[in-house]
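Here is protein-v4.cif, consisting of mmCIF, C-alpha atoms:
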data_upload
loop_
_atom_site.label_atom_id
_atom_site.label_comp_id
_atom_site.auth_asym_id
_atom_site.auth_seq_id
_atom_site.Cartn_x
_atom_site.Cartn_y
_atom_site.Cartn_z
CA MET T 23 0.00 0.00 0.00
CA TYR T 24 1.12 3.55 -0.65
CA GLU T 25 0.96 5.81 2.39
CA ASN T 26 0.56 9.57 2.51
CA GLU T 27 4.11 10.81 3.03
CA ALA T 28 2.89 13.73 5.13
CA VAL T 29 1.60 11.23 7.70
CA THR T 30 4.79 9.17 7.80
CA SER T 31 6.79 12.35 8.29
CA VAL T 32 4.86 12.76 11.56
CA ASP T 33 4.58 9.06 12.45
CA PRO T 34 7.44 7.35 10.56
CA TYR T 35 7.76 3.64 10.02
CA ILE T 36 9.92 1.84 12.57
CA SER T 37 12.72 -0.31 11.19
CA THR T 38 12.35 -2.83 14.02
CA GLY T 39 8.55 -2.89 13.77
CA ILE T 40 6.52 -5.81 12.47
CA GLU T 41 6.87 -6.54 8.74
CA GLU T 42 4.10 -7.74 6.44
CA ALA T 43 5.60 -11.20 5.89
CA GLU T 44 5.82 -11.76 9.67
CA ILE T 45 2.18 -11.01 10.43
CA THR T 46 0.69 -14.36 9.39
CA THR T 47 3.34 -16.32 11.30
CA VAL T 48 2.79 -14.33 14.48
CA LEU T 49 -1.00 -14.34 14.37
CA LEU T 50 -1.44 -17.99 13.40
CA SER T 51 0.96 -19.14 16.11
CA GLU T 52 -0.30 -16.90 18.91
CA ALA T 53 -4.04 -16.32 18.39
CA ALA T 54 -6.91 -18.82 18.57
CA THR T 55 -9.69 -16.55 17.26
CA ALA T 56 -10.10 -13.69 14.83
CA ARG T 57 -10.68 -11.24 17.67
CA GLU T 58 -7.55 -12.42 19.48
CA ALA T 59 -5.58 -12.00 16.24
CA MET T 60 -6.95 -8.49 15.68
CA THR T 61 -6.14 -7.50 19.28
CA LEU T 62 -2.66 -8.99 19.12
CA LEU T 63 -1.77 -7.21 15.88
CA THR T 64 -3.09 -3.83 16.95
CA ASP T 65 -1.21 -4.19 20.26
CA ILE T 66 1.97 -4.85 18.27
CA PHE T 67 1.36 -1.76 16.12
CA ALA T 68 0.88 0.31 19.28
CA SER T 69 3.95 -1.02 21.09
CA ALA T 70 6.55 -2.15 18.53
CA GLY T 71 5.15 -0.33 15.49
CA ALA T 72 5.18 -1.28 11.81
CA CYS T 73 8.11 -1.09 9.40
CA SER T 74 5.83 -0.70 6.37
CA GLY T 75 2.19 -0.16 5.47
CA GLY T 76 -0.29 -2.88 4.71
CA SER T 77 -3.54 -4.61 5.48
CA VAL T 78 -4.75 -8.03 6.59
CA ILE T 79 -8.03 -9.90 7.12
CA VAL T 80 -8.39 -12.26 10.08
CA ALA T 81 -11.47 -14.47 10.25
CA ASP T 82 -12.96 -17.44 12.06
CA LYS T 83 -16.41 -19.04 12.00
CA ASN T 84 -17.83 -16.24 14.16
CA GLU T 85 -16.43 -13.01 12.75
CA ALA T 86 -13.95 -11.33 10.43
CA TRP T 87 -11.81 -8.24 11.00
CA TYR T 88 -10.00 -6.12 8.45
CA ILE T 89 -6.98 -4.12 9.68
CA GLU T 90 -5.02 -1.34 7.97
CA SER T 91 -1.84 0.41 9.05
CA LEU T 92 -0.26 3.18 6.97
CA SER T 93 2.22 4.73 9.38
CA GLY T 94 4.54 3.66 12.18
CA THR T 95 2.13 3.28 15.09
CA GLN T 96 -1.37 4.21 13.91
CA TYR T 97 -3.96 1.66 12.79
CA ILE T 98 -7.65 1.01 12.29
CA ALA T 99 -9.59 -2.27 12.34
CA VAL T 100 -13.19 -2.79 11.25
CA LYS T 101 -15.49 -5.77 11.76
CA LEU T 102 -16.72 -7.03 8.38
CA PRO T 103 -20.36 -8.01 7.88
CA ALA T 104 -20.91 -11.47 6.42
CA ASP T 105 -22.47 -10.15 3.20
CA MET T 106 -19.81 -7.60 2.29
CA VAL T 107 -17.84 -7.82 -0.96
CA MET T 108 -14.60 -5.84 -0.93
CA ILE T 109 -11.49 -5.51 -3.07
CA CYS T 110 -8.13 -4.10 -2.02
CA PRO T 111 -5.55 -3.64 -4.80
CA ASN T 112 -2.87 -2.09 -2.56
CA VAL T 113 -5.06 0.88 -1.62
CA SER T 114 -6.84 1.78 1.60
CA VAL T 115 -10.49 0.72 1.52
CA ILE T 116 -11.56 2.19 4.87
CA GLY T 117 -13.34 5.45 4.27
CA LEU T 118 -15.46 7.66 6.53
CA VAL T 119 -15.61 6.01 9.97
CA ASP T 120 -17.10 7.11 13.28
CA LEU T 121 -14.54 6.01 15.87
CA ASP T 122 -17.19 6.00 18.62
CA ASP T 123 -18.57 2.78 17.12
CA ASN T 124 -17.21 0.36 19.70
CA ASP T 125 -18.92 -2.66 18.13
CA GLN T 126 -17.39 -2.41 14.66
CA VAL T 127 -14.25 -0.27 15.00
CA VAL T 128 -10.97 -0.53 16.88
CA ALA T 129 -8.50 2.29 16.25
CA SER T 130 -5.32 3.77 17.69
CA GLY T 131 -5.85 6.60 20.12
CA ALA T 132 -3.97 9.21 18.09
CA LEU T 133 -5.39 8.30 14.68
CA ILE T 134 -7.10 11.64 14.14
CA GLU T 135 -4.45 13.67 15.97
CA THR T 136 -1.66 12.25 13.80
CA ALA T 137 -3.47 13.15 10.57
CA VAL T 138 -4.22 16.63 11.91
CA ARG T 139 -0.54 17.14 12.72
CA ALA T 140 0.35 15.97 9.22
CA GLY T 141 -2.10 18.40 7.66
CA SER T 142 -3.84 15.53 5.83
CA PHE T 143 -6.88 15.03 8.05
CA VAL T 144 -10.27 14.64 6.35
CA GLY T 145 -13.32 14.21 8.54
CA ASP T 146 -14.96 15.82 11.55
CA GLN T 147 -12.60 16.03 14.49
CA ASP T 148 -15.31 17.17 16.94
CA ALA T 149 -17.52 14.21 16.00
CA ASN T 150 -14.58 11.76 16.21
CA VAL T 151 -15.06 10.89 12.53
CA ILE T 152 -12.18 10.30 10.10
CA ASP T 153 -11.97 9.43 6.43
CA PHE T 154 -9.03 7.07 6.88
CA ALA T 155 -8.27 6.51 3.18
CA ALA T 156 -8.35 10.23 2.42
CA SER T 157 -6.24 11.05 5.48
CA TYR T 158 -3.62 8.29 5.37
CA ASP T 159 -3.50 6.80 1.86
CA SER T 160 -1.68 8.21 -1.14
CA ASP T 161 -3.44 9.03 -4.40
CA GLY T 162 -2.54 5.60 -5.77
CA SER T 163 -0.71 4.67 -8.94
CA TYR T 164 -1.35 3.29 -12.39
CA SER T 165 -0.97 -0.34 -11.33
CA THR T 166 -3.40 -0.07 -8.45
CA GLY T 167 -5.87 2.13 -10.32
CA SER T 168 -6.10 -0.15 -13.34
CA ARG T 169 -6.59 -3.23 -11.17
CA LEU T 170 -9.21 -1.40 -9.14
CA ALA T 171 -11.15 -0.48 -12.28
CA ALA T 172 -10.94 -4.05 -13.60
CA GLY T 173 -12.17 -5.46 -10.32
CA LEU T 174 -15.11 -3.11 -10.01
CA ASN T 175 -16.12 -3.73 -13.62
CA TYR T 176 -15.88 -7.51 -13.19
CA LEU T 177 -18.02 -7.54 -10.06
CA SER T 178 -20.67 -5.20 -11.46
CA GLY T 179 -20.68 -6.72 -14.94
CA SER T 180 -20.17 -3.27 -16.43
CA GLU T 181 -17.57 -1.00 -18.01
CA ASP T 182 -18.45 1.93 -15.79
CA PHE T 183 -15.02 2.30 -14.18
CA SER T 184 -11.86 3.50 -15.88
CA VAL T 185 -8.67 5.35 -15.01
CA ASP T 186 -6.31 7.65 -16.88
CA GLU T 187 -2.62 7.06 -17.57
CA ASN T 188 -1.82 8.08 -14.00
CA GLY T 189 -4.23 5.58 -12.47
CA GLN T 190 -6.72 8.30 -11.51
CA GLY T 191 -10.42 8.55 -12.22
CA ILE T 192 -12.24 6.48 -9.58
CA GLY T 193 -13.53 8.30 -6.51
CA ARG T 194 -12.88 6.66 -3.17
CA SER T 195 -16.61 6.42 -2.42
CA ALA T 196 -16.88 3.75 -5.14
CA TYR T 197 -14.96 1.21 -3.07
CA THR T 198 -14.26 2.39 0.49
CA MET T 199 -16.18 1.20 3.56
CA THR T 200 -18.09 3.39 5.97
CA ASN T 201 -20.12 2.88 9.14
CA LEU T 202 -22.22 6.01 8.59
CA ASP T 203 -25.60 6.23 6.92
CA SER T 204 -26.77 9.09 4.69
CA GLU T 205 -27.72 11.14 7.78
CA GLY T 206 -24.39 10.66 9.54
CA ASN T 207 -25.61 8.10 12.05
CA ILE T 208 -23.66 4.95 12.93
CA ALA T 209 -24.87 2.03 10.79
CA GLN T 210 -23.64 -1.41 9.77
CA LEU T 211 -20.36 -1.21 7.91
CA HIS T 212 -21.01 -1.08 4.17
CA ASN T 213 -19.62 0.06 0.83
CA SER T 214 -20.94 0.91 -2.63
CA ILE T 215 -19.66 -2.21 -4.40
CA ARG T 216 -22.47 -4.14 -6.05
CA THR T 217 -22.34 -7.51 -7.79
CA GLN T 218 -24.55 -9.05 -10.44
CA GLY T 219 -25.67 -11.64 -7.91
CA PRO T 220 -24.30 -13.98 -5.23
CA LEU T 221 -20.69 -14.96 -5.93
CA ASN T 222 -19.66 -18.60 -6.22
CA LEU T 223 -16.24 -20.23 -6.47
CA ARG T 224 -16.09 -19.90 -10.25
CA ASP T 225 -16.83 -16.18 -9.97
CA VAL T 226 -14.00 -15.65 -7.49
CA ILE T 227 -11.47 -17.60 -9.54
CA GLY T 228 -12.66 -15.71 -12.63
CA PHE T 229 -11.94 -12.47 -10.77
CA PHE T 230 -8.26 -13.43 -10.39
CA ARG T 231 -8.08 -14.35 -14.08
CA THR T 232 -9.19 -10.86 -15.11
CA SER T 233 -6.44 -8.66 -16.58
CA PRO T 234 -4.62 -6.80 -15.08
CA ILE T 235 -5.59 -8.48 -11.77
CA GLY T 236 -4.01 -11.58 -13.27
CA ASN T 237 -0.66 -10.31 -14.54
CA PRO T 238 2.99 -11.35 -14.94
CA ALA T 239 3.87 -9.99 -11.49
CA ASN T 240 1.72 -12.64 -9.77
CA ALA T 241 3.72 -15.15 -7.76
CA GLU T 242 0.76 -17.06 -6.38
CA ALA T 243 -2.88 -16.56 -5.42
CA HIS T 244 -4.92 -18.16 -2.66
CA VAL T 245 -8.71 -18.43 -2.44
CA PHE T 246 -10.19 -19.67 0.83
CA GLN T 247 -13.62 -21.27 0.53
CA ILE T 248 -15.12 -21.37 4.04
CA SER T 249 -18.34 -23.09 5.08
CA PRO T 250 -19.58 -21.17 8.15
CA ALA T 251 -21.84 -24.03 9.27
CA ASP T 252 -18.99 -26.56 9.14
CA ASP T 253 -16.38 -26.06 11.83
CA SER T 254 -14.66 -29.38 11.14
CA ALA T 255 -11.23 -29.73 9.56
CA SER T 256 -12.91 -30.06 6.16
CA GLY T 257 -14.89 -26.84 6.55
CA THR T 258 -12.22 -24.76 4.78
CA VAL T 259 -10.81 -25.39 1.31
CA GLU T 260 -7.79 -23.51 -0.04
CA TRP T 261 -7.43 -23.05 -3.81
CA LEU T 262 -3.91 -22.25 -5.01
CA SER T 263 -2.67 -20.92 -8.36
CA MET T 264 0.92 -20.07 -9.18
CA ALA T 265 2.45 -17.56 -11.64
CA ASN T 266 0.17 -15.33 -13.74
CA CYS T 267 -3.36 -16.12 -12.56
CA ARG T 268 -4.71 -15.12 -15.96
CA TYR T 269 -3.25 -18.35 -17.32
CA GLY T 270 -3.32 -20.39 -14.12
CA VAL T 271 -5.20 -23.39 -12.79
CA PHE T 272 -6.31 -23.33 -9.15
CA VAL T 273 -5.78 -26.62 -7.30
CA PRO T 274 -7.58 -27.41 -4.01
CA PHE T 275 -6.46 -28.49 -0.54
CA TYR T 276 -7.92 -29.00 2.89
CA PRO T 277 -5.35 -26.84 4.74
CA MET T 278 -6.19 -28.38 8.12
CA LEU T 279 -5.93 -31.95 6.83
CA THR T 280 -3.21 -31.89 4.17
CA THR T 281 0.20 -33.14 5.32
CA ALA T 282 2.13 -33.02 2.02
CA VAL T 283 1.89 -31.45 -1.44
CA HIS T 284 2.88 -32.45 -4.95
CA PRO T 285 6.67 -32.06 -5.47
CA SER T 286 6.16 -29.55 -8.30
CA LEU T 287 4.72 -27.04 -5.83
CA SER T 288 7.99 -26.83 -3.90
CA THR T 289 10.40 -27.07 -6.83
CA GLY T 290 12.08 -24.40 -8.92
CA HIS T 291 12.26 -21.31 -6.75
CA ALA T 292 15.49 -20.02 -8.32
CA PHE T 293 15.23 -16.66 -10.05
CA PRO T 294 15.55 -16.51 -13.85
CA GLU T 295 18.47 -14.66 -15.39
CA GLN T 296 17.89 -11.44 -17.30
CA VAL T 297 20.29 -11.39 -20.27
CA PRO T 298 20.71 -8.67 -22.94
CA GLU T 299 21.39 -11.03 -25.86
CA GLU T 300 19.49 -14.05 -27.11
CA PRO T 301 21.02 -17.11 -25.38
CA ALA T 302 22.68 -19.82 -27.44
CA GLU T 303 21.04 -22.56 -25.38
CA GLY T 304 18.57 -23.18 -22.60
CA THR T 305 14.94 -22.17 -22.26
CA TYR T 306 14.36 -18.47 -22.72
CA PHE T 307 11.73 -15.92 -23.73
CA PRO T 308 11.71 -12.21 -24.55
CA SER T 309 11.50 -10.30 -21.29
CA LEU T 310 8.06 -8.96 -20.41
CA SER T 311 9.39 -6.06 -18.34
CA GLU T 312 12.62 -4.87 -19.99
CA ASP T 313 14.84 -5.28 -23.05
CA GLY T 314 16.57 -8.58 -23.55
CA PHE T 315 15.60 -12.11 -22.62
CA VAL T 316 14.61 -14.20 -19.60
CA LEU T 317 16.68 -17.36 -19.25
CA TYR T 318 14.81 -19.96 -17.21
CA PRO T 319 16.61 -21.71 -14.33
CA GLU T 320 17.85 -25.24 -14.72
CA GLY T 321 15.19 -27.79 -13.79
CA TRP T 322 12.34 -25.37 -14.40
CA GLU T 323 10.31 -28.06 -16.16
CA GLU T 324 9.83 -29.85 -12.81
CA SER T 325 8.19 -26.79 -11.28
CA PHE T 326 4.46 -26.05 -11.20
CA TYR T 327 5.26 -22.33 -11.07
CA TRP T 328 7.67 -22.25 -14.02
CA ASN T 329 5.44 -24.33 -16.29
CA PHE T 330 2.64 -21.82 -15.83
CA ALA T 331 5.11 -18.94 -16.13
CA ALA T 332 6.10 -20.39 -19.52
CA LEU T 333 2.45 -20.27 -20.61
CA ASN T 334 2.43 -16.60 -19.69
CA HIS T 335 5.45 -15.94 -21.89
CA LEU T 336 3.97 -17.94 -24.76
CA ALA T 337 0.68 -16.04 -24.53
CA ALA T 338 2.50 -12.71 -24.44
CA GLU T 339 4.38 -13.55 -27.62
CA ASP T 340 1.36 -14.66 -29.64
CA GLU T 341 -2.22 -13.41 -29.20
CA ASN T 342 -3.66 -16.49 -30.91
CA ALA T 343 -1.64 -18.74 -28.62
CA GLY T 344 -2.97 -16.78 -25.67
CA ALA T 345 -6.57 -17.43 -26.69
CA GLU T 346 -5.84 -21.13 -27.17
CA ILE T 347 -4.05 -21.38 -23.81
CA THR T 348 -6.98 -19.67 -22.10
CA GLY T 349 -9.39 -22.26 -23.46
CA GLN T 350 -7.17 -25.14 -22.39
CA ILE T 351 -6.75 -23.64 -18.90
CA GLU T 352 -10.52 -23.34 -18.52
CA GLY T 353 -10.92 -26.98 -19.51
CA MET T 354 -8.35 -28.08 -16.95
CA GLN T 355 -10.09 -26.04 -14.26
CA GLU T 356 -13.44 -27.68 -14.95
CA THR T 357 -11.81 -31.10 -14.63
CA VAL T 358 -10.36 -30.02 -11.28
CA TYR T 359 -13.80 -29.01 -10.02
CA THR T 360 -15.19 -32.43 -10.96
CA GLU T 361 -12.29 -34.35 -9.42
CA TRP T 362 -12.49 -32.31 -6.22
CA GLU T 363 -16.14 -33.23 -5.75
CA ARG T 364 -15.05 -36.87 -5.75
CA VAL T 365 -12.25 -36.20 -3.24
CA GLN T 366 -14.61 -34.31 -0.95
CA GLU T 367 -16.99 -37.25 -0.92
CA GLU T 368 -14.14 -39.65 -0.12
CA VAL T 369 -12.89 -37.45 2.73
CA LEU T 370 -16.42 -37.20 4.15
CA HIS T 371 -16.54 -40.98 4.57
CA ALA T 372 -12.87 -41.56 5.42
CA GLY T 373 -13.15 -41.34 9.20
CA ASP T 374 -9.73 -41.62 10.84
CA GLN T 375 -8.15 -41.72 7.39
CA ALA T 376 -9.48 -38.28 6.42
CA SER T 377 -6.07 -36.59 6.49
CA GLU T 378 -4.43 -39.30 4.37
CA THR T 379 -7.35 -39.29 1.94
CA ALA T 380 -7.33 -35.49 1.62
CA THR T 381 -3.57 -35.40 1.06
CA LYS T 382 -3.63 -38.12 -1.59
CA GLY T 383 -6.59 -36.48 -3.32
CA SER T 384 -4.92 -33.08 -3.60
CA ILE T 385 -1.64 -34.59 -4.79
CA ALA T 386 -3.48 -36.60 -7.45
CA ILE T 387 -5.32 -33.53 -8.73
CA THR T 388 -2.12 -31.47 -8.80
CA GLU T 389 -0.34 -34.29 -10.66
CA GLN T 390 -3.10 -34.39 -13.25
CA VAL T 391 -2.90 -30.62 -13.81
CA PHE T 392 0.91 -30.75 -13.93
CA GLN T 393 0.92 -33.54 -16.52
CA ASN T 394 -1.57 -31.61 -18.66
CA VAL T 395 0.21 -28.26 -18.48
CA SER T 396 3.69 -29.63 -19.18
CA PRO T 397 2.93 -30.47 -22.85
CA LEU T 398 1.56 -26.94 -23.34
CA ALA T 399 4.83 -25.51 -22.08
CA GLU T 400 6.72 -27.85 -24.43
CA SER T 401 6.30 -25.28 -27.21
CA ARG T 402 9.01 -23.33 -25.39
CA ARG T 403 12.26 -22.36 -27.10
#
What does this structure look like when you write it as structure tokens?
Amino acid sequence: MYENEAVTSVDPYISTGIEEAEITTVLLSEAATAREAMTLLTDIFASAGACSGGSVIVADKNEAWYIESLSGTQYIAVKLPADMVMICPNVSVIGLVDLDDNDQVVASGALIETAVRAGSFVGDQDANVIDFAASYDSDGSYSTGSRLAAGLNYLSGSEDFSVDENGQGIGRSAYTMTNLDSEGNIAQLHNSIRTQGPLNLRDVIGFFRTSPIGNPANAEAHVFQISPADDSASGTVEWLSMANCRYGVFVPFYPMLTTAVHPSLSTGHAFPEQVPEEPAEGTYFPSLSEDGFVLYPEGWEESFYWNFAALNHLAAEDENAGAEITGQIEGMQETVYTEWERVQEEVLHAGDQASETATKGSIAITEQVFQNVSPLAESRR
């Protein structure tokens, strides 16, 4: 996320504060509920501070909290209603909030004061109301603005949202959350995002395949499918895609049952080599981000990530190939859905063997996808 520099000049990031990559490790190891996780993280922000800005959702079967921090020690957390749809492409999505709402909001004590000192405060200081995004966030950038527009258009089934070459053109009210109604009274947290109807798994995976949400910068994407009425170990399914989600297949796991994954998912993490001249040997493609070529690491063909990354390069080189790859990816995904229904049924009746059954099922599905995608990547150089 991109903070307002005026705020960080008043409340700078702390080099020894918590870092984004540490948050999941700390919360998952120390908190048993979403509320405990929210309280722990906000306590860390208040005491040790943050070394960079960011946001995180913590959820359990009872509630979900969304937390943003865009300066060294200040933060805000809001309790998400079950029916809310939100998107957050590296921008603040917390808008006008009444901090007196003790049921839905937890915020640092100097949240308003810090913004006032920075000269960036937007809101009503006397009413204890702050527009957090307007006060703490930057104006965004091209990459975030274009992804925001794509996401809003996908969800609404429209082309109503667009941005200019600087990523500007969408007002914050189109996507930020507020706990105020039209008369300024505290209400249930809500936003202006509307969908064409209830979202299902295919809709969510389709969201990640939408350009530029799915783009060459993707390393991996995770979708968590949670059944609120099922608090067993099989009540949550994780869907994982690696490399550019636009040309990726999502494979499923029971995260609380799975004990091992397909070898391709933990193979090939070496970085490719950027070279100025066309290599004489090896697997390489024209670079997508700069002049020259990308030389793939040795053993890349054993990696789930690098096989899908190769599809991305092939699609970028040839528009017709891209359309063909898209169709093949969609076919693979439908097969995964069908196979996963079978695995779910087996796990349901597996009893004490549920973990073993779930692990074998996910590995088998991943193997099937891997064997199907490898021939597509064979058209490499």
Neighbours of range 169-184 of chain T within 10 Å (only C-alpha atoms; same-chain residues fewer than 5 positions away dropped), as JSON, numbers by chain? {"T": [107, 108, 109, 110, 111, 112, 113, 164, 189, 190, 191, 192, 193, 196, 197, 215, 216, 217, 218, 219, 221, 225, 226, 228, 229, 230, 232, 233, 234, 235, 236, 237]}
Could you tell me which residues the PyMOL selection byres ((chain T and resi 386-399) around 8) returns for this structure, as JSON, numbers by chain? {"T": [271, 273, 284, 286, 323, 326, 329, 330, 332, 333, 347, 354, 358, 361, 362, 382, 383, 384, 385, 400, 401, 402]}
Can you translate the PyMOL selection byres ((chain T and resi 139-143) around 8) into the concrete residues it hits in this file, as a tab-separated table (two decimals) with C-alpha atoms, in the coordinates of the input?
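Below is the file result.tsv, written as the result:
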chain	number	residue	atom	x	y	z
T	28	ALA	CA	2.89	13.73	5.13
T	29	VAL	CA	1.60	11.23	7.70
T	31	SER	CA	6.79	12.35	8.29
T	32	VAL	CA	4.86	12.76	11.56
T	134	ILE	CA	-7.10	11.64	14.14
T	135	GLU	CA	-4.45	13.67	15.97
T	136	THR	CA	-1.66	12.25	13.80
T	137	ALA	CA	-3.47	13.15	10.57
T	138	VAL	CA	-4.22	16.63	11.91
T	144	VAL	CA	-10.27	14.64	6.35
T	145	GLY	CA	-13.32	14.21	8.54
T	152	ILE	CA	-12.18	10.30	10.10
T	153	ASP	CA	-11.97	9.43	6.43
T	156	ALA	CA	-8.35	10.23	2.42
T	157	SER	CA	-6.24	11.05	5.48
T	158	TYR	CA	-3.62	8.29	5.37
For the point (-13.2, 6.2, 11.1) in file coordinates, what residues are within 10 Å, counting all atoms listed in the file? Give the answer as a list in words? Ile98, Ala99, Val100, Ile116, Gly117, Leu118, Val119, Asp120, Leu121, Asp122, Asp123, Val127, Val128, Ala129, Leu133, Ile134, Gly145, Asp146, Asn150, Val151, Ile152, Asp153, Phe154, Ala155, Met199, Thr200, Asn201 and Leu202 of chain T
Which residues are near Tyr35 in chain T? Cut-off 7 Å, all atoms listed in the file, ignore same chain within fewer than 6 positions. Put them as a PyMOL selection string. chain T and resi 72-74+93-94
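Here the PyMOL selection byres ((chain T and resi 304) around 12) matches the residues Pro294, Glu295, Glu300, Pro301, Ala302, Glu303, Thr305, Tyr306, Phe307, Phe315, Val316, Leu317, Tyr318, Pro319, Glu320, Gly321, Trp322, Glu323, Arg402 and Arg403 of chain T.
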